[in-house]
$ cat target39.cif   # mmCIF, C-alpha atoms
data_coords
#
loop_
_atom_site.label_atom_id
_atom_site.label_comp_id
_atom_site.auth_asym_id
_atom_site.auth_seq_id
_atom_site.Cartn_x
_atom_site.Cartn_y
_atom_site.Cartn_z
CA VAL M 1 71.23 20.08 14.93
CA GLU M 2 68.52 22.44 16.18
CA ALA M 3 66.26 19.49 17.05
CA GLU M 4 68.86 17.78 19.22
CA GLY M 5 67.08 16.09 22.12
CA ASP M 6 63.67 16.15 20.38
CA ASP M 7 63.31 12.56 19.15
CA VAL M 8 59.93 13.21 17.51
CA ARG M 9 61.32 15.94 15.29
CA LEU M 10 64.55 14.05 14.69
CA ALA M 11 62.62 10.98 13.52
CA ARG M 12 60.71 13.10 10.99
CA ILE M 13 63.78 15.04 9.85
CA LEU M 14 65.87 11.90 9.37
CA GLY M 15 63.02 10.14 7.58
CA TYR M 16 62.64 13.05 5.17
CA ARG M 17 66.37 13.31 4.56
CA ALA M 18 66.50 9.57 3.80
CA TRP M 19 63.86 10.15 1.12
CA ILE M 20 65.95 12.97 -0.39
CA CYS M 21 68.98 10.66 -0.48
CA LEU M 22 66.98 8.16 -2.54
CA PHE M 23 66.50 10.76 -5.29
CA GLN M 24 70.25 11.28 -5.25
CA ALA M 25 70.72 7.49 -5.48
CA ASP M 26 72.82 7.76 -2.30
CA ILE M 27 71.42 4.57 -0.88
CA ARG M 28 73.95 4.09 1.89
CA SER M 29 73.17 7.51 3.34
CA ALA M 30 69.45 6.83 2.95
CA LEU M 31 69.78 3.64 4.97
CA VAL M 32 71.75 5.41 7.73
CA ASP M 33 69.10 8.12 8.05
CA ALA M 34 66.17 5.70 7.81
CA ARG M 35 67.65 3.53 10.56
CA GLY M 36 68.25 6.62 12.66
CA ALA M 37 64.62 7.70 12.16
CA LEU M 38 63.37 4.28 13.25
CA GLU M 39 65.63 4.28 16.32
CA LYS M 40 64.27 7.68 17.38
CA ALA M 41 60.67 6.61 16.73
CA GLU M 42 61.11 3.44 18.78
CA ARG M 43 62.50 5.51 21.63
CA VAL M 44 59.45 7.80 21.54
CA GLY M 45 57.10 4.81 21.34
CA ASP M 46 54.44 6.58 19.23
CA PRO M 47 52.90 3.88 16.95
CA SER M 48 52.14 6.31 14.12
CA LEU M 49 55.71 7.62 14.18
CA ILE M 50 57.04 4.05 14.23
CA ALA M 51 54.86 3.03 11.28
CA ALA M 52 56.04 6.04 9.25
CA ALA M 53 59.68 5.27 10.08
CA ILE M 54 59.21 1.62 9.08
CA GLY M 55 57.70 2.72 5.76
CA GLY M 56 60.70 4.92 5.06
CA MET M 57 63.08 2.19 6.14
CA ALA M 58 61.44 -0.37 3.85
CA THR M 59 61.60 2.04 0.92
CA ALA M 60 65.32 2.58 1.43
CA GLU M 61 65.89 -1.16 1.83
CA SER M 62 64.06 -1.86 -1.43
CA ARG M 63 66.60 0.28 -3.29
CA ALA M 64 69.44 -1.44 -1.47
CA GLY M 65 68.07 -4.87 -2.37
CA GLU M 66 67.70 -5.75 1.31
CA PHE M 67 64.94 -6.39 3.81
CA THR M 68 64.72 -6.78 7.56
CA PRO M 69 62.59 -9.89 8.25
CA GLY M 70 59.27 -9.04 9.86
CA LEU M 71 59.81 -5.27 9.94
CA LEU M 72 57.57 -4.31 7.03
CA GLU M 73 54.82 -6.66 8.19
CA ARG M 74 54.92 -4.99 11.60
CA GLY M 75 54.54 -1.58 10.01
CA VAL M 76 51.58 -2.67 7.88
CA GLU M 77 49.89 -4.13 10.96
CA ILE M 78 50.24 -0.86 12.88
CA GLU M 79 49.03 1.14 9.89
CA GLU M 80 45.94 -1.02 9.43
CA GLN M 81 45.04 -1.45 13.10
CA LEU M 82 45.16 2.29 13.80
CA GLY M 83 43.65 3.29 10.45
CA LEU M 84 46.57 5.66 9.85
CA VAL M 85 46.64 8.02 6.89
CA LEU M 86 50.35 8.43 6.20
CA GLU M 87 52.29 10.23 3.50
CA TYR M 88 52.86 8.09 0.42
CA ARG M 89 56.60 7.85 1.12
CA GLU M 90 55.92 6.81 4.74
CA SER M 91 53.27 4.15 4.16
CA PRO M 92 54.39 0.58 4.95
CA SER M 93 51.53 -0.67 2.74
CA VAL M 94 52.94 1.20 -0.26
CA ALA M 95 56.38 -0.29 0.42
CA LEU M 96 54.80 -3.73 0.73
CA THR M 97 53.26 -3.52 -2.75
CA ARG M 98 56.71 -2.96 -4.26
CA ARG M 99 58.02 -6.13 -2.65
CA LEU M 100 54.92 -8.10 -3.64
CA VAL M 101 55.34 -7.12 -7.29
CA GLY M 102 58.93 -8.37 -7.39
CA HIS M 103 57.75 -11.67 -5.90
CA GLY M 104 54.99 -12.15 -8.46
CA GLU M 105 52.11 -11.50 -6.07
CA LEU M 106 50.56 -8.95 -8.41
CA ALA M 107 46.91 -9.55 -7.51
CA GLN M 108 47.56 -8.85 -3.82
CA ALA M 109 49.59 -5.75 -4.62
CA ARG M 110 46.91 -4.49 -7.03
CA ALA M 111 44.18 -4.97 -4.42
CA ILE M 112 46.15 -2.96 -1.83
CA LEU M 113 46.83 -0.10 -4.25
CA GLU M 114 43.27 0.05 -5.52
CA LYS M 115 41.97 0.16 -1.93
CA MET M 116 44.39 2.98 -1.15
CA ASP M 117 43.29 4.86 -4.26
CA ALA M 118 39.63 4.55 -3.28
CA SER M 119 40.39 5.80 0.23
CA ALA M 120 42.35 8.77 -1.13
CA ALA M 121 39.44 9.60 -3.46
CA VAL M 122 37.03 9.72 -0.50
CA ARG M 123 39.24 12.15 1.41
CA GLY M 124 40.01 14.18 -1.75
CA ASP M 125 43.76 13.53 -1.69
CA GLN M 126 44.59 13.89 -5.39
CA ARG M 127 48.32 14.01 -4.84
CA PHE M 128 48.26 10.59 -3.18
CA ARG M 129 46.10 9.26 -6.02
CA GLY M 130 48.61 10.44 -8.60
CA LEU M 131 51.43 8.61 -6.83
CA VAL M 132 49.33 5.44 -6.50
CA ALA M 133 48.56 5.58 -10.24
CA GLY M 134 52.30 5.58 -10.93
CA ASN M 135 52.79 2.57 -8.67
CA LEU M 136 49.94 0.75 -10.41
CA ALA M 137 51.54 1.54 -13.77
CA ARG M 138 54.75 -0.17 -12.62
CA LEU M 139 52.73 -3.20 -11.52
CA GLU M 140 50.89 -3.43 -14.84
CA TRP M 141 54.17 -3.23 -16.73
CA PHE M 142 55.39 -6.34 -14.92
CA ALA M 143 52.05 -8.01 -15.70
CA GLY M 144 52.43 -7.25 -19.41
CA ASN M 145 49.38 -4.98 -19.42
CA TRP M 146 51.24 -2.19 -21.17
CA PRO M 147 48.33 -0.20 -22.63
CA THR M 148 46.88 -0.10 -19.11
CA ALA M 149 50.28 0.91 -17.73
CA VAL M 150 50.56 3.76 -20.25
CA ASP M 151 47.01 4.90 -19.46
CA LEU M 152 47.85 4.93 -15.75
CA THR M 153 50.96 7.05 -16.35
CA ASN M 154 48.82 9.50 -18.32
CA ARG M 155 46.32 9.59 -15.46
CA ALA M 156 49.12 10.17 -13.00
CA ALA M 157 50.51 12.98 -15.16
CA GLU M 158 47.11 14.69 -15.35
CA ILE M 159 46.72 14.58 -11.58
CA ASN M 160 50.29 15.72 -11.05
CA GLU M 161 49.73 18.79 -13.21
CA GLN M 162 47.11 19.84 -10.66
CA THR M 163 48.98 18.87 -7.49
CA ASN M 164 52.44 19.75 -8.86
CA PRO M 165 54.85 17.28 -7.21
CA ALA M 166 58.08 18.35 -8.88
CA HIS M 167 59.59 14.89 -9.36
CA ALA M 168 56.48 13.36 -10.94
CA PRO M 169 57.29 14.10 -14.63
CA ALA M 170 60.51 12.10 -14.30
CA TYR M 171 58.77 9.19 -12.58
CA THR M 172 55.70 8.95 -14.80
CA GLY M 173 57.62 9.73 -17.99
CA ARG M 174 60.07 6.92 -17.40
CA LEU M 175 57.26 4.45 -16.72
CA ARG M 176 55.35 5.60 -19.81
CA ALA M 177 58.47 5.21 -21.94
CA LEU M 178 59.03 1.68 -20.61
CA GLY M 179 55.54 0.59 -21.64
CA GLU M 180 55.88 2.28 -25.03
CA VAL M 181 59.22 0.56 -25.68
CA ASP M 182 57.73 -2.89 -25.17
CA LEU M 183 54.67 -2.01 -27.24
CA GLY M 184 57.01 -1.04 -30.09
CA LEU M 185 55.91 2.61 -30.10
CA VAL M 186 59.37 3.81 -31.01
CA GLU M 187 58.93 7.55 -31.47
CA GLN M 188 56.56 7.89 -28.52
CA ALA M 189 58.97 5.95 -26.30
CA ARG M 190 61.92 8.07 -27.33
CA SER M 191 59.94 11.28 -26.76
CA SER M 192 58.67 10.14 -23.34
CA GLY M 193 62.12 8.96 -22.30
CA GLU M 194 63.88 12.15 -23.34
CA ALA M 195 61.26 14.29 -21.57
CA ALA M 196 61.64 12.20 -18.40
CA LEU M 197 65.43 12.45 -18.65
CA SER M 198 65.27 16.22 -19.01
CA ALA M 199 62.97 16.49 -15.96
CA SER M 200 65.15 14.24 -13.79
CA GLU M 201 68.38 16.00 -14.77
CA ALA M 202 66.83 19.41 -14.06
CA MET M 203 66.13 18.27 -10.49
CA SER M 204 69.49 16.49 -10.04
CA ASP M 205 67.38 13.37 -9.48
CA ARG M 206 70.11 10.79 -9.98
CA GLU M 207 67.92 7.73 -9.44
CA TRP M 208 65.45 8.55 -12.20
CA THR M 209 68.20 9.82 -14.50
CA ILE M 210 69.89 6.41 -14.38
CA LEU M 211 66.65 4.43 -14.67
CA THR M 212 65.49 6.53 -17.63
CA LEU M 213 68.82 6.11 -19.41
CA GLY M 214 68.23 2.40 -18.94
CA VAL M 215 64.88 2.64 -20.75
CA LEU M 216 66.43 4.53 -23.67
CA GLY M 217 69.13 1.86 -23.86
CA ARG M 218 66.47 -0.86 -23.85
CA LEU M 219 64.81 0.82 -26.83
CA GLU M 220 68.03 0.79 -28.87
CA LEU M 221 68.73 -2.82 -27.87
CA LEU M 222 65.29 -3.86 -29.06
CA LEU M 223 65.86 -2.00 -32.35
CA GLY M 224 69.09 -3.97 -32.83
CA ASP M 225 71.50 -1.03 -32.46
CA VAL M 226 73.89 -2.58 -29.95
CA GLU M 227 76.39 0.28 -30.09
CA ALA M 228 73.72 2.87 -29.33
CA ALA M 229 72.29 0.65 -26.58
CA LEU M 230 75.69 0.37 -24.90
CA GLY M 231 76.09 4.13 -25.16
CA TYR M 232 73.27 4.30 -22.64
CA LEU M 233 73.71 1.06 -20.70
CA ARG M 234 77.41 0.25 -20.39
CA GLU M 235 78.21 2.36 -17.32
CA LEU M 236 74.86 2.21 -15.51
CA PRO M 237 75.30 -1.02 -13.49
CA GLY M 238 78.65 0.17 -12.16
CA GLN M 239 77.15 3.53 -11.21
CA LEU M 240 74.31 1.87 -9.33
CA LEU M 241 76.62 -0.51 -7.49
CA SER M 242 78.91 2.35 -6.46
CA MET M 243 75.89 4.08 -4.89
CA GLY M 244 74.64 0.97 -3.09
CA TYR M 245 71.62 0.75 -5.41
CA ASN M 246 71.14 -3.01 -5.67
CA ASP M 247 67.43 -3.34 -6.48
CA PRO M 248 67.40 -6.30 -8.93
CA THR M 249 63.89 -5.52 -10.22
CA ALA M 250 65.24 -2.61 -12.29
CA PRO M 251 65.11 -3.85 -15.93
CA LEU M 252 68.39 -2.20 -16.90
CA TRP M 253 70.51 -4.91 -15.20
CA ALA M 254 69.47 -7.66 -17.60
CA ASP M 255 69.36 -5.30 -20.59
CA ALA M 256 72.94 -4.20 -19.88
CA VAL M 257 74.15 -7.80 -19.73
CA GLU M 258 72.38 -8.65 -23.01
CA ALA M 259 73.90 -5.63 -24.75
CA LEU M 260 77.39 -6.46 -23.45
CA VAL M 261 77.03 -10.06 -24.66
CA ALA M 262 75.88 -8.89 -28.09
CA ALA M 263 78.99 -6.68 -28.29
CA ASP M 264 81.28 -9.54 -27.16
CA GLU M 265 82.30 -7.59 -24.04
CA LEU M 266 82.08 -10.79 -22.08
CA ASP M 267 84.34 -10.01 -19.13
CA GLN M 268 82.26 -6.97 -18.22
CA ALA M 269 79.07 -8.94 -18.85
CA TRP M 270 80.18 -11.58 -16.34
CA SER M 271 81.09 -8.91 -13.80
CA VAL M 272 77.65 -7.27 -14.04
CA LEU M 273 75.89 -10.63 -14.01
CA GLU M 274 77.62 -11.84 -10.85
CA SER M 275 76.47 -8.75 -8.94
CA TYR M 276 72.99 -9.02 -10.45
CA GLU M 277 72.62 -12.69 -9.50
CA ALA M 278 73.80 -12.05 -5.95
CA ASN M 279 71.29 -9.22 -5.49
CA ALA M 280 68.44 -11.21 -7.06
CA HIS M 281 68.99 -14.17 -4.75
CA ARG M 282 69.49 -12.02 -1.66
CA LEU M 283 66.17 -10.25 -2.27
CA GLY M 284 64.48 -13.52 -3.31
CA SER M 285 62.67 -11.98 -6.29
CA PRO M 286 61.67 -14.75 -8.74
CA TRP M 287 61.44 -12.20 -11.58
CA ALA M 288 65.00 -11.06 -11.01
CA ILE M 289 66.30 -14.61 -10.43
CA ALA M 290 64.73 -15.72 -13.72
CA ALA M 291 66.10 -12.72 -15.63
CA ALA M 292 69.59 -13.32 -14.22
CA ALA M 293 69.41 -17.01 -15.21
CA ARG M 294 68.40 -15.96 -18.73
CA CYS M 295 71.46 -13.71 -18.85
CA ARG M 296 73.67 -16.56 -17.69
CA GLY M 297 72.27 -18.69 -20.49
CA LEU M 298 73.07 -15.99 -23.05
CA LEU M 299 76.63 -15.66 -21.79
CA ALA M 300 77.27 -19.40 -21.68
CA ALA M 301 75.93 -19.79 -25.22
CA ARG M 302 78.14 -16.95 -26.46
CA GLU M 303 81.15 -18.77 -25.02
CA GLY M 304 80.10 -22.01 -26.70
CA ASP M 305 79.05 -23.85 -23.54
CA LEU M 306 75.64 -24.97 -24.79
CA SER M 307 74.99 -27.44 -21.98
CA ALA M 308 75.46 -24.69 -19.38
CA ALA M 309 73.28 -22.39 -21.48
CA PHE M 310 70.47 -24.94 -21.63
CA ALA M 311 70.68 -25.52 -17.87
CA ALA M 312 70.47 -21.80 -17.09
CA LEU M 313 67.58 -21.18 -19.47
CA GLU M 314 65.62 -24.13 -18.13
CA ARG M 315 66.17 -22.78 -14.60
CA SER M 316 64.79 -19.44 -15.74
CA LEU M 317 61.65 -21.04 -17.16
CA ALA M 318 61.19 -23.15 -14.02
CA GLU M 319 61.44 -20.02 -11.85
CA LEU M 320 58.73 -18.35 -13.95
CA ASP M 321 56.28 -21.26 -13.86
CA GLY M 322 52.95 -20.09 -12.50
CA LEU M 323 54.07 -16.47 -12.20
CA PRO M 324 52.46 -13.52 -14.05
CA PHE M 325 55.56 -12.31 -15.89
CA PRO M 326 54.76 -13.02 -19.55
CA LEU M 327 57.41 -10.83 -21.17
CA GLU M 328 60.21 -12.42 -19.20
CA ARG M 329 58.93 -15.87 -20.14
CA GLY M 330 58.79 -14.85 -23.79
CA ARG M 331 62.33 -13.47 -23.71
CA THR M 332 63.63 -16.67 -22.12
CA LEU M 333 61.89 -18.81 -24.74
CA LEU M 334 63.39 -16.63 -27.46
CA CYS M 335 66.86 -17.24 -26.02
CA LEU M 336 66.16 -20.96 -25.61
CA GLY M 337 65.01 -21.25 -29.22
CA THR M 338 68.16 -19.48 -30.40
CA VAL M 339 70.44 -21.79 -28.41
CA ARG M 340 68.55 -24.86 -29.62
CA ARG M 341 69.05 -23.67 -33.20
CA GLN M 342 72.78 -23.29 -32.52
CA ALA M 343 72.78 -26.86 -31.21
CA GLN M 344 71.01 -28.04 -34.41
CA GLN M 345 67.90 -28.99 -32.41
CA LYS M 346 65.64 -27.55 -35.08
CA ARG M 347 62.33 -29.04 -34.05
CA ALA M 348 62.78 -28.05 -30.40
CA ALA M 349 63.99 -24.60 -31.50
CA ARG M 350 60.84 -24.05 -33.55
CA GLU M 351 58.64 -25.07 -30.62
CA ALA M 352 60.28 -22.58 -28.26
CA LEU M 353 60.26 -19.77 -30.80
CA LYS M 354 56.64 -20.32 -31.80
CA GLU M 355 55.65 -20.15 -28.15
CA ALA M 356 57.66 -16.94 -27.78
CA VAL M 357 55.96 -15.42 -30.83
CA GLY M 358 52.56 -16.32 -29.38
CA ILE M 359 53.38 -14.63 -26.07
CA PHE M 360 54.72 -11.50 -27.73
CA GLU M 361 51.78 -11.20 -30.09
CA GLY M 362 49.37 -11.67 -27.19
CA LEU M 363 51.08 -8.83 -25.36
CA GLY M 364 51.04 -6.53 -28.39
CA ALA M 365 54.85 -6.52 -28.27
CA ARG M 366 55.44 -5.80 -31.96
CA LEU M 367 59.24 -5.47 -31.92
CA TRP M 368 59.74 -8.47 -29.62
CA ALA M 369 57.53 -10.55 -31.94
CA GLU M 370 59.54 -9.43 -34.96
CA ARG M 371 62.76 -10.57 -33.28
CA ALA M 372 61.28 -13.97 -32.49
CA ARG M 373 59.89 -14.40 -36.03
CA ALA M 374 63.27 -13.48 -37.52
CA GLU M 375 64.93 -16.16 -35.40
CA LEU M 376 62.23 -18.63 -36.42
CA ARG M 377 63.00 -17.93 -40.10
CA ARG M 378 66.65 -18.74 -39.41
CA VAL M 379 65.63 -22.14 -38.08
CA SER M 380 63.48 -22.86 -41.11
CA GLY M 381 66.07 -21.62 -43.56
CA ARG M 382 63.53 -19.39 -45.27
#
$ encode --input "target39.cif" --output "structure tokens"
Amino acid sequence: VEAEGDDVRLARILGYRAWICLFQADIRSALVDARGALEKAERVGDPSLIAAAIGGMATAESRAGEFTPGLLERGVEIEEQLGLVLEYRESPSVALTRRLVGHGELAQARAILEKMDASAAVRGDQRFRGLVAGNLARLEWFAGNWPTAVDLTNRAAEINEQTNPAHAPAYTGRLRALGEVDLGLVEQARSSGEAALSASEAMSDREWTILTLGVLGRLELLLGDVEAALGYLRELPGQLLSMGYNDPTAPLWADAVEALVAADELDQAWSVLESYEANAHRLGSPWAIAAAARCRGLLAAREGDLSAAFAALERSLAELDGLPFPLERGRTLLCLGTVRRQAQQKRAAREALKEAVGIFEGLGARLWAERARAELRRVSGR
């Protein structure tokens, strides 16, 4: 109100308030403010202000599962041409790496983040380096490099203790827990997840509260405790949708569907899946499209429609061909092997399950490998 008529200040105020709304998981409000910031910046015509507004806009859109064609690329071009040093939350290049990861372009995203880290090191910006380390940890989780991801979260935590960004323990703790879950480090994952949950709740950080609950639910699902998993996961997709949080690269969407299927809550599973599929296709993320197809295969198989299940699982594998998402491929092969066993296709079931075991063992995914070996024993009858 006090800045009325001052478009420079209004652009910065609205951009900052949009960022606050993201922590509250109020995505619709974040989008309104981010669009307002960009409108003010365009009116001023200052390239650095425009680039910062585009970075904030792209960040809000990523949570909404949307993107404005060409906008982010324009922001990156301005940032690079002018050699701008922007805040982490304002950088179009940072926002670009998030989109690249969801599209399987991990090498390009890694190169951008590593370049940004080196530049921050030269100028002595430790806070920026801590945030980049967290982003790299997310990337390495998708790549299946979980020990590296955990190391990066530890590095980020060490830096954050010095620079003291208040939300960092929630962010890094949730990422560390995610890597520990998939490595089968049960007690460490539970400890990291509970610490991250405590930090996010203390700040009223709704986004990281929900995402961390999703990780704790994933742990229980992997341990085979479906009831405990649903205690965490059942309500989360509905909460996200009610807030306009449609980012399909959050792992909890697929985990929630799998838990609902395992509990025979099929109507709710279909409801979540339909929203998940729509968001995955709208964003065009092959990782999310493949995960949603895997979920459709699980649901169809549970309902006894094996032909539909096979079709969905084959679509998932086709989507993953040539992409660096090994865990998702392994999970789809595990599902495919299970459905083939149900269809009495024992030889084909063994082939899929053996490939899944090989992927999981190569990743160091102890609990995932145990699940695949248990299913393989069911095929063999031993």
$ atom_distance --input "target39.cif" --atom1 "CA of Gly217 in chain M" --atom2 "CA of Gly322 in chain M"
29.5 Å
$ closest_residue --input "target39.cif" --among "M:Leu185, M:Leu367, M:Ile78, M:Leu31" --to "Pro47 in chain M" --atoms "only C-alpha atoms"
M:Ile78
$ residues_around --input "target39.cif" --residues "Ala262 in chain M" --least-positions-apart "2" --cutoff "12 Å" --atoms "only C-alpha atoms" --output "PyMOL selection string"
chain M and resi 221-222+224-227+229-230+255-260+264-266+268-269+295+298-299+301-303
$ resolve_selection --input "target39.cif" --expression "the PyMOL selection byres ((chain M and resi 176) around 12)" --output "PyMOL selection string"
chain M and resi 133-138+140-141+146-157+168-175+177-183+185+188-196+212+215-216
$ atom_distance --input "target39.cif" --atom1 "CA of Ala120 in chain M" --atom2 "CA of Glu79 in chain M"
15.0 Å
$ closest_residue --input "target39.cif" --among "M:Ala64, M:Arg341, M:His167, M:Arg74" --to "Arg378 in chain M" --atoms "all atoms listed in the file"
M:Arg341
$ resolve_selection --input "target39.cif" --expression "the PyMOL selection byres ((chain M and resi 22) around 10)" --output "list in words"
Arg17, Ala18, Trp19, Ile20, Cys21, Phe23, Gln24, Ala25, Asp26, Ile27, Arg28, Ser29, Ala30, Leu31, Thr59, Ala60, Arg63, Ala64, Asp205, Arg206, Glu207, Trp208 and Tyr245 of chain M
$ write_last_selection --input "target39.cif" --atoms "C-alpha atoms" --output "PDB file, in the coordinates of the input"
ATOM      1  CA  ARG M  17      66.370  13.310   4.560  1.00  0.00           C
ATOM      2  CA  ALA M  18      66.500   9.570   3.800  1.00  0.00           C
ATOM      3  CA  TRP M  19      63.860  10.150   1.120  1.00  0.00           C
ATOM      4  CA  ILE M  20      65.950  12.970  -0.390  1.00  0.00           C
ATOM      5  CA  CYS M  21      68.980  10.660  -0.480  1.00  0.00           C
ATOM      6  CA  PHE M  23      66.500  10.760  -5.290  1.00  0.00           C
ATOM      7  CA  GLN M  24      70.250  11.280  -5.250  1.00  0.00           C
ATOM      8  CA  ALA M  25      70.720   7.490  -5.480  1.00  0.00           C
ATOM      9  CA  ASP M  26      72.820   7.760  -2.300  1.00  0.00           C
ATOM     10  CA  ILE M  27      71.420   4.570  -0.880  1.00  0.00           C
ATOM     11  CA  ARG M  28      73.950   4.090   1.890  1.00  0.00           C
ATOM     12  CA  SER M  29      73.170   7.510   3.340  1.00  0.00           C
ATOM     13  CA  ALA M  30      69.450   6.830   2.950  1.00  0.00           C
ATOM     14  CA  LEU M  31      69.780   3.640   4.970  1.00  0.00           C
ATOM     15  CA  THR M  59      61.600   2.040   0.920  1.00  0.00           C
ATOM     16  CA  ALA M  60      65.320   2.580   1.430  1.00  0.00           C
ATOM     17  CA  ARG M  63      66.600   0.280  -3.290  1.00  0.00           C
ATOM     18  CA  ALA M  64      69.440  -1.440  -1.470  1.00  0.00           C
ATOM     19  CA  ASP M 205      67.380  13.370  -9.480  1.00  0.00           C
ATOM     20  CA  ARG M 206      70.110  10.790  -9.980  1.00  0.00           C
ATOM     21  CA  GLU M 207      67.920   7.730  -9.440  1.00  0.00           C
ATOM     22  CA  TRP M 208      65.450   8.550 -12.200  1.00  0.00           C
ATOM     23  CA  TYR M 245      71.620   0.750  -5.410  1.00  0.00           C
TER      24      TYR M 245
END
$ residues_around --input "target39.cif" --residues "Tyr88 in chain M" --least-positions-apart "6" --cutoff "8 Å" --atoms "all atoms listed in the file" --output "ChimeraX atom specification"
/M:94,128,131
$ write_last_selection --input "target39.cif" --atoms "C-alpha atoms" --output "tab-separated table (two decimals), keeping the file's coordinate frame"
chain	number	residue	atom	x	y	z
M	94	VAL	CA	52.94	1.20	-0.26
M	128	PHE	CA	48.26	10.59	-3.18
M	131	LEU	CA	51.43	8.61	-6.83
$ residues_around --input "target39.cif" --residues "Arg43 in chain M" --least-positions-apart "5" --cutoff "12 Å" --atoms "all atoms listed in the file" --output "ChimeraX atom specification"
/M:5-8,10-11,36-38,49-50,53
$ closest_residue --input "target39.cif" --among "M:Ala143, M:Ala52, M:Val122, M:Val272" --to "Val101 in chain M" --atoms "only C-alpha atoms"
M:Ala143
$ resolve_selection --input "target39.cif" --expression "the PyMOL selection byres ((chain M and resi 352-357) around 12)" --output "number ranges by chain"
M: 313-314, 317, 326-341, 345-351, 358-380
$ closest_residue --input "target39.cif" --among "M:Val132, M:Leu96, M:Ile13, M:Val76" --to "Ile159 in chain M" --atoms "all atoms listed in the file"
M:Val132
$ residues_near_point --input "target39.cif" --point "(73.7, -11.4, -13.5)" --cutoff "7 Å" --atoms "all atoms listed in the file" --output "PyMOL selection string"
chain M and resi 254+272-277+292+295-296
$ write_last_selection --input "target39.cif" --atoms "C-alpha atoms" --output "PDB file, keeping the file's coordinate frame"
ATOM      1  CA  ALA M 254      69.470  -7.660 -17.600  1.00  0.00           C
ATOM      2  CA  VAL M 272      77.650  -7.270 -14.040  1.00  0.00           C
ATOM      3  CA  LEU M 273      75.890 -10.630 -14.010  1.00  0.00           C
ATOM      4  CA  GLU M 274      77.620 -11.840 -10.850  1.00  0.00           C
ATOM      5  CA  SER M 275      76.470  -8.750  -8.940  1.00  0.00           C
ATOM      6  CA  TYR M 276      72.990  -9.020 -10.450  1.00  0.00           C
ATOM      7  CA  GLU M 277      72.620 -12.690  -9.500  1.00  0.00           C
ATOM      8  CA  ALA M 292      69.590 -13.320 -14.220  1.00  0.00           C
ATOM      9  CA  CYS M 295      71.460 -13.710 -18.850  1.00  0.00           C
ATOM     10  CA  ARG M 296      73.670 -16.560 -17.690  1.00  0.00           C
TER      11      ARG M 296
END
$ atom_distance --input "target39.cif" --atom1 "CA of His103 in chain M" --atom2 "CA of Ala250 in chain M"
13.4 Å
$ closest_residue --input "target39.cif" --among "M:Ala288, M:Ala107, M:Leu113, M:Leu283" --to "Pro69 in chain M" --atoms "all atoms listed in the file"
M:Leu283
$ closest_residue --input "target39.cif" --among "M:Leu236, M:Leu71, M:Met116, M:Leu100" --to "Val85 in chain M" --atoms "all atoms listed in the file"
M:Met116
$ build_atoms --input "target39.cif" --residues "range 73-84 of chain M" --atoms "N, CA and C atoms" --output "compact mmCIF listing (two decimals), in the frame of the given file"
# COMPACT_ATOMS: atom_id res chain seq x y z
N GLU M 73 56.10 -6.10 7.75
CA GLU M 73 54.82 -6.66 8.19
C GLU M 73 54.34 -5.99 9.48
N ARG M 74 55.27 -5.70 10.36
CA ARG M 74 54.92 -4.99 11.60
C ARG M 74 54.37 -3.60 11.29
N GLY M 75 55.01 -2.90 10.37
CA GLY M 75 54.54 -1.58 10.01
C GLY M 75 53.16 -1.59 9.40
N VAL M 76 52.90 -2.55 8.51
CA VAL M 76 51.58 -2.67 7.88
C VAL M 76 50.52 -2.94 8.94
N GLU M 77 50.85 -3.80 9.91
CA GLU M 77 49.89 -4.13 10.96
C GLU M 77 49.52 -2.89 11.78
N ILE M 78 50.53 -2.09 12.13
CA ILE M 78 50.24 -0.86 12.88
C ILE M 78 49.38 0.08 12.04
N GLU M 79 49.75 0.24 10.78
CA GLU M 79 49.03 1.14 9.89
C GLU M 79 47.56 0.74 9.76
N GLU M 80 47.32 -0.55 9.61
CA GLU M 80 45.94 -1.02 9.43
C GLU M 80 45.15 -0.97 10.72
N GLN M 81 45.76 -1.41 11.82
CA GLN M 81 45.04 -1.45 13.10
C GLN M 81 44.61 -0.06 13.57
N LEU M 82 45.46 0.93 13.34
CA LEU M 82 45.16 2.29 13.80
C LEU M 82 44.45 3.11 12.73
N GLY M 83 44.29 2.55 11.53
CA GLY M 83 43.65 3.29 10.45
C GLY M 83 44.41 4.56 10.09
N LEU M 84 45.74 4.48 10.08
CA LEU M 84 46.57 5.66 9.85
C LEU M 84 46.48 6.13 8.40
